[in-house]
Amino acid sequence: MKIGVLLHGNGVYDGTEIHEAVLTLLALAEVGAETICFAPDVNQHHVINHLTGEEMPETRNVLVESARIARGNIRNLATLTVDELDALVMPGGFGTAKNITKWAFEGPQGDILEPVKQLIIDLVAQKKPIVGLCMSPTTIAKALEGSGIAATLTVGTDAEDSPYEISGIAAGITSLGQQAEMKTVREIAVDRAHRIITAPCYMMEASILDIRNNIRAAIDELMVLLQEE
C-alpha cells in the first residue's frame, strides 16, 4: 500500500500541524503502509511566530518547510500522479486553510490550489480512500464544490469545547454542497459511498493522546476500506 500524506508547511499556525503529521506517519507505519509525503512548491501565505502569534516579515516555501517534517523525504506535488497512490491522508493545521485554500481569510468562497483539487477529485473518481484530519475536511469540501458529489465530513462538534467556531465551519462545508456531521474527538466520520474518512483531532480541545487515538481510529478504518476493494 502506498499512502500519500499531503503536507502544507511546518507548524500549526501557518502550515501543517506537526503532532497530527507525525502521528499520521506513525499510525501508517504501524499498519505496514508505505508513505509518500508531498507538498506543493508554493510560498506560504505568511509566516507566524509560534511563540508570540505575530506575523513575521519573511517568506517561506511550503515544500521546503514541509520537508522538515518528512526529514527531507518529500515529493513536489507537481511530480505526483494519482496512479502512484492507493489512498491519501491529509493532516490538519492552518496551512490547509492558508496555503492550500484561502478558507482562513475568505471562508468557503476562497480559492483552492488547482493541483490539490484535481488530486482529490481524481482519487474520489477512482474510489481511492481519503482521510481528512482537523481542518483538512474543509479542503476536501472545497475540492468537491460543484462536482455533484455530496460527501459527509466532520470538523468536530459544537457540543463540546473547541478553540474554533465549529458550527460556522460546518455551515461553510454545507454551503459547498457537502454534509457536515458533528463528531467528538473520540469519534470519526465515515462516508462509505465516497470512501472518505474525517476526524476532528485538534479542532477540539484535546490532549496529544486524544489526537493519537483519533488518528489511529481513522487509519484503522482506512485499512478496512482498502481491504474492501
# chains A, B, ... in the order shown; residues from 1 in each chain; ligands from 1
$ closest_atom_pairs --of "range 175-219 of chain A" --to "range 147-150 of chain A" --cutoff "12 Å" --atoms "only C-alpha atoms" --output "CSV"
residue,atom,partner,partner_atom,distance
A:Ser175,CA,A:Ala150,CA,11.0
A:Leu176,CA,A:Ala150,CA,8.8
A:Gly177,CA,A:Ala150,CA,5.9
A:Gln178,CA,A:Ala150,CA,4.6
A:Gln179,CA,A:Ala150,CA,6.5
A:Ala180,CA,A:Ala150,CA,10.0
A:Asp191,CA,A:Ala150,CA,9.9
A:Ala193,CA,A:Ala150,CA,9.8
A:His194,CA,A:Ile149,CA,8.2
A:Arg195,CA,A:Ile149,CA,11.7
A:Ile196,CA,A:Ala150,CA,11.0
$ residues_around --residues "Gly93 in chain A" --least-positions-apart "2" --cutoff "9 Å" --atoms "only C-alpha atoms" --output "ChimeraX atom specification"
/A:8-18,20,91,95-97,133-136,202
$ residues_around --residues "Glu181 in chain A" --least-positions-apart "3" --cutoff "10 Å" --atoms "only C-alpha atoms" --output "PyMOL selection string"
chain A and resi 152-157+170+173-174+178+188-190+198
$ write_last_selection --atoms "N, CA, C and O atoms" --output "compact mmCIF listing (two decimals), in the first residue's frame"
# COMPACT_ATOMS: atom_id res chain seq x y z
N THR A 152 -20.05 13.29 3.25
CA THR A 152 -20.25 13.56 4.67
C THR A 152 -18.90 13.77 5.32
O THR A 152 -18.01 12.91 5.22
N LEU A 153 -18.72 14.91 5.99
CA LEU A 153 -17.44 15.30 6.56
C LEU A 153 -17.65 15.83 7.98
O LEU A 153 -18.73 16.33 8.30
N THR A 154 -16.62 15.76 8.80
CA THR A 154 -16.70 16.36 10.13
C THR A 154 -15.48 17.22 10.41
O THR A 154 -14.37 16.89 9.98
N VAL A 155 -15.70 18.31 11.13
CA VAL A 155 -14.60 19.10 11.70
C VAL A 155 -14.75 19.20 13.21
O VAL A 155 -14.12 20.03 13.86
N GLY A 156 -15.60 18.33 13.78
CA GLY A 156 -15.81 18.35 15.22
C GLY A 156 -17.27 18.52 15.59
O GLY A 156 -18.16 18.27 14.78
N THR A 157 -17.48 18.97 16.80
CA THR A 157 -18.84 19.18 17.29
C THR A 157 -18.92 20.46 18.12
O THR A 157 -17.95 20.83 18.79
N ALA A 170 -18.78 24.25 9.97
CA ALA A 170 -19.68 23.24 9.44
C ALA A 170 -20.66 23.84 8.45
O ALA A 170 -20.97 23.24 7.41
N ILE A 173 -18.96 24.24 5.17
CA ILE A 173 -18.90 22.96 4.45
C ILE A 173 -20.23 22.70 3.76
O ILE A 173 -20.27 22.30 2.59
N THR A 174 -21.33 22.94 4.46
CA THR A 174 -22.66 22.73 3.89
C THR A 174 -22.90 23.64 2.70
O THR A 174 -23.50 23.23 1.70
N GLN A 178 -21.68 19.96 0.61
CA GLN A 178 -21.32 18.77 1.36
C GLN A 178 -22.18 18.67 2.62
O GLN A 178 -22.93 19.59 2.94
N ILE A 188 -14.96 9.30 14.63
CA ILE A 188 -14.62 9.65 13.26
C ILE A 188 -15.89 9.60 12.43
O ILE A 188 -16.87 8.97 12.81
N ALA A 189 -15.88 10.29 11.30
CA ALA A 189 -16.99 10.22 10.34
C ALA A 189 -16.53 9.39 9.15
O ALA A 189 -15.44 9.61 8.62
N VAL A 190 -17.36 8.44 8.75
CA VAL A 190 -17.01 7.56 7.63
C VAL A 190 -18.09 7.67 6.55
O VAL A 190 -19.24 7.33 6.78
N THR A 198 -13.12 11.25 7.98
CA THR A 198 -12.67 12.50 8.58
C THR A 198 -12.69 12.40 10.10
O THR A 198 -13.49 11.66 10.67
$ closest_atom_pairs --of "range 105-180 of chain A" --to "range 65-82 of chain A" --cutoff "10 Å" --atoms "only C-alpha atoms" --output "tab-separated table"
residue	atom	partner	partner_atom	distance
A:Pro115	CA	A:Ala78	CA	7.5
A:Val116	CA	A:Leu77	CA	8.1
A:Gln118	CA	A:Val82	CA	9.4
A:Leu119	CA	A:Val82	CA	6.5
A:Ile120	CA	A:Val82	CA	8.9
A:Ile121	CA	A:Val82	CA	9.9
A:Asp122	CA	A:Val82	CA	6.8
A:Leu123	CA	A:Val82	CA	6.7
A:Gln126	CA	A:Val82	CA	8.9
A:Lys128	CA	A:Val82	CA	9.2
$ residues_around --residues "Thr101 in chain A" --least-positions-apart "5" --cutoff "7 Å" --atoms "only C-alpha atoms" --output "NGL selection string"
:A and (96 or 110-113 or 139)
$ write_last_selection --atoms "C-alpha atoms" --output "PDB file, in the first residue's frame"
ATOM      1  CA  THR A  96      -4.534  23.738   4.732  1.00  0.00           C
ATOM      2  CA  GLY A 110     -11.782  31.351  -1.188  1.00  0.00           C
ATOM      3  CA  ASP A 111      -9.726  29.696  -3.896  1.00  0.00           C
ATOM      4  CA  ILE A 112      -8.094  26.265  -3.746  1.00  0.00           C
ATOM      5  CA  LEU A 113      -4.840  25.227  -5.408  1.00  0.00           C
ATOM      6  CA  THR A 139     -10.163  21.469   1.777  1.00  0.00           C
TER       7      THR A 139
END
$ residues_around --residues "Asp158 in chain A" --least-positions-apart "5" --cutoff "9 Å" --atoms "only C-alpha atoms" --output "PyMOL selection string"
chain A and resi 165-167+182-184
$ select_by_dssp --residues "range 21-170 of chain A" --states "alpha helix (DSSP H)" --output "JSON, numbers by chain"
{"A": [21, 22, 23, 24, 25, 26, 27, 28, 29, 30, 62, 63, 64, 65, 66, 67, 68, 69, 95, 103, 104, 105, 106, 114, 115, 116, 117, 118, 119, 120, 121, 122, 123, 124, 125, 136, 137, 138, 139, 140, 141, 142, 143, 144, 166, 167, 168, 169, 170]}
$ write_last_selection --atoms "C-alpha atoms" --output "PDB file, in the first residue's frame"
ATOM      1  CA  ALA A  21       1.549  14.787  10.795  1.00  0.00           C
ATOM      2  CA  VAL A  22       3.921  12.734  12.941  1.00  0.00           C
ATOM      3  CA  LEU A  23       1.126  10.672  14.491  1.00  0.00           C
ATOM      4  CA  THR A  24      -0.239  10.036  10.994  1.00  0.00           C
ATOM      5  CA  LEU A  25       3.139   8.753   9.824  1.00  0.00           C
ATOM      6  CA  LEU A  26       3.415   6.611  12.957  1.00  0.00           C
ATOM      7  CA  ALA A  27      -0.060   5.101  12.527  1.00  0.00           C
ATOM      8  CA  LEU A  28       0.581   4.334   8.861  1.00  0.00           C
ATOM      9  CA  ALA A  29       3.901   2.681   9.708  1.00  0.00           C
ATOM     10  CA  GLU A  30       2.188   0.589  12.374  1.00  0.00           C
ATOM     11  CA  VAL A  62       5.604  25.276   1.580  1.00  0.00           C
ATOM     12  CA  LEU A  63       7.598  22.395   0.062  1.00  0.00           C
ATOM     13  CA  VAL A  64      10.832  23.383   1.803  1.00  0.00           C
ATOM     14  CA  GLU A  65       9.111  23.809   5.174  1.00  0.00           C
ATOM     15  CA  SER A  66       7.183  20.535   4.787  1.00  0.00           C
ATOM     16  CA  ALA A  67      10.480  18.749   4.170  1.00  0.00           C
ATOM     17  CA  ARG A  68      11.338  19.426   7.824  1.00  0.00           C
ATOM     18  CA  ILE A  69       8.541  17.099   8.924  1.00  0.00           C
ATOM     19  CA  GLY A  95      -1.680  25.649   6.338  1.00  0.00           C
ATOM     20  CA  TRP A 103     -10.618  29.500   3.903  1.00  0.00           C
ATOM     21  CA  ALA A 104      -8.864  31.220   6.832  1.00  0.00           C
ATOM     22  CA  PHE A 105      -9.251  34.598   5.134  1.00  0.00           C
ATOM     23  CA  GLU A 106     -12.171  34.291   2.722  1.00  0.00           C
ATOM     24  CA  GLU A 114      -5.920  23.568  -8.636  1.00  0.00           C
ATOM     25  CA  PRO A 115      -3.483  20.590  -8.420  1.00  0.00           C
ATOM     26  CA  VAL A 116      -4.800  19.705  -4.951  1.00  0.00           C
ATOM     27  CA  LYS A 117      -8.386  19.996  -6.118  1.00  0.00           C
ATOM     28  CA  GLN A 118      -7.709  17.768  -9.115  1.00  0.00           C
ATOM     29  CA  LEU A 119      -5.925  15.164  -7.000  1.00  0.00           C
ATOM     30  CA  ILE A 120      -8.875  14.919  -4.614  1.00  0.00           C
ATOM     31  CA  ILE A 121     -11.386  14.738  -7.474  1.00  0.00           C
ATOM     32  CA  ASP A 122      -9.331  12.017  -9.197  1.00  0.00           C
ATOM     33  CA  LEU A 123      -9.000   9.974  -6.013  1.00  0.00           C
ATOM     34  CA  VAL A 124     -12.747  10.073  -5.372  1.00  0.00           C
ATOM     35  CA  ALA A 125     -13.453   9.198  -9.017  1.00  0.00           C
ATOM     36  CA  SER A 136      -8.468  19.404   6.184  1.00  0.00           C
ATOM     37  CA  PRO A 137     -12.104  18.367   5.617  1.00  0.00           C
ATOM     38  CA  THR A 138     -12.716  21.979   4.554  1.00  0.00           C
ATOM     39  CA  THR A 139     -10.163  21.469   1.777  1.00  0.00           C
ATOM     40  CA  ILE A 140     -11.959  18.283   0.723  1.00  0.00           C
ATOM     41  CA  ALA A 141     -15.262  20.190   0.716  1.00  0.00           C
ATOM     42  CA  LYS A 142     -13.776  22.967  -1.412  1.00  0.00           C
ATOM     43  CA  ALA A 143     -12.284  20.462  -3.865  1.00  0.00           C
ATOM     44  CA  LEU A 144     -15.659  18.749  -4.297  1.00  0.00           C
ATOM     45  CA  ILE A 166     -17.316  24.570  14.759  1.00  0.00           C
ATOM     46  CA  SER A 167     -20.882  25.456  13.809  1.00  0.00           C
ATOM     47  CA  GLY A 168     -19.670  28.210  11.485  1.00  0.00           C
ATOM     48  CA  ILE A 169     -17.092  25.994   9.787  1.00  0.00           C
ATOM     49  CA  ALA A 170     -19.680  23.236   9.443  1.00  0.00           C
TER      50      ALA A 170
END
$ closest_atom_pairs --of "range 92-189 of chain A" --to "range 209-228 of chain A" --cutoff "7 Å" --atoms "only C-alpha atoms" --output "Markdown table"
| residue | atom | partner | partner_atom | distance |
| --- | --- | --- | --- | --- |
| A:Pro129 | CA | A:Leu222 | CA | 6.9 |
| A:Val185 | CA | A:Asn214 | CA | 6.2 |
| A:Arg186 | CA | A:Asn214 | CA | 6.0 |
| A:Glu187 | CA | A:Asn214 | CA | 6.8 |
| A:Ile188 | CA | A:Ala218 | CA | 6.5 |
$ select_by_dssp --residues "range 35-154 of chain A" --states "strand (DSSP E)" --output "list in words"
Thr35, Ile36, Cys37, Phe38, Ala39, Val47, Ile48, Glu55, Met56, Arg75, Asn76, Ala87, Leu88, Val89, Met90, Ile130, Val131, Gly132, Leu133, Thr152, Leu153 and Thr154 of chain A
$ write_last_selection --atoms "C-alpha atoms" --output "CSV table (one decimal), in the first residue's frame"
chain,number,residue,atom,x,y,z
A,35,THR,CA,4.1,6.6,2.8
A,36,ILE,CA,4.7,9.2,0.2
A,37,CYS,CA,4.9,12.7,1.7
A,38,PHE,CA,4.3,15.5,-0.7
A,39,ALA,CA,3.6,19.2,-0.8
A,47,VAL,CA,4.9,33.2,8.4
A,48,ILE,CA,3.8,33.2,12.0
A,55,GLU,CA,3.3,37.6,11.7
A,56,MET,CA,7.0,37.7,10.7
A,75,ARG,CA,7.9,14.9,-3.3
A,76,ASN,CA,6.8,18.0,-5.1
A,87,ALA,CA,-5.1,6.4,-0.7
A,88,LEU,CA,-4.4,9.9,0.7
A,89,VAL,CA,-4.2,11.2,4.3
A,90,MET,CA,-4.4,15.0,4.9
A,130,ILE,CA,-9.1,9.9,1.5
A,131,VAL,CA,-8.6,10.7,5.2
A,132,GLY,CA,-9.0,14.3,6.3
A,133,LEU,CA,-7.9,15.4,9.7
A,152,THR,CA,-20.3,13.6,4.7
A,153,LEU,CA,-17.4,15.3,6.6
A,154,THR,CA,-16.7,16.4,10.1
$ residues_around --residues "Lys2 in chain A" --least-positions-apart "4" --cutoff "6 Å" --atoms "only C-alpha atoms" --output "list in words"
Glu34, Thr35, Leu85 and Asp86 of chain A
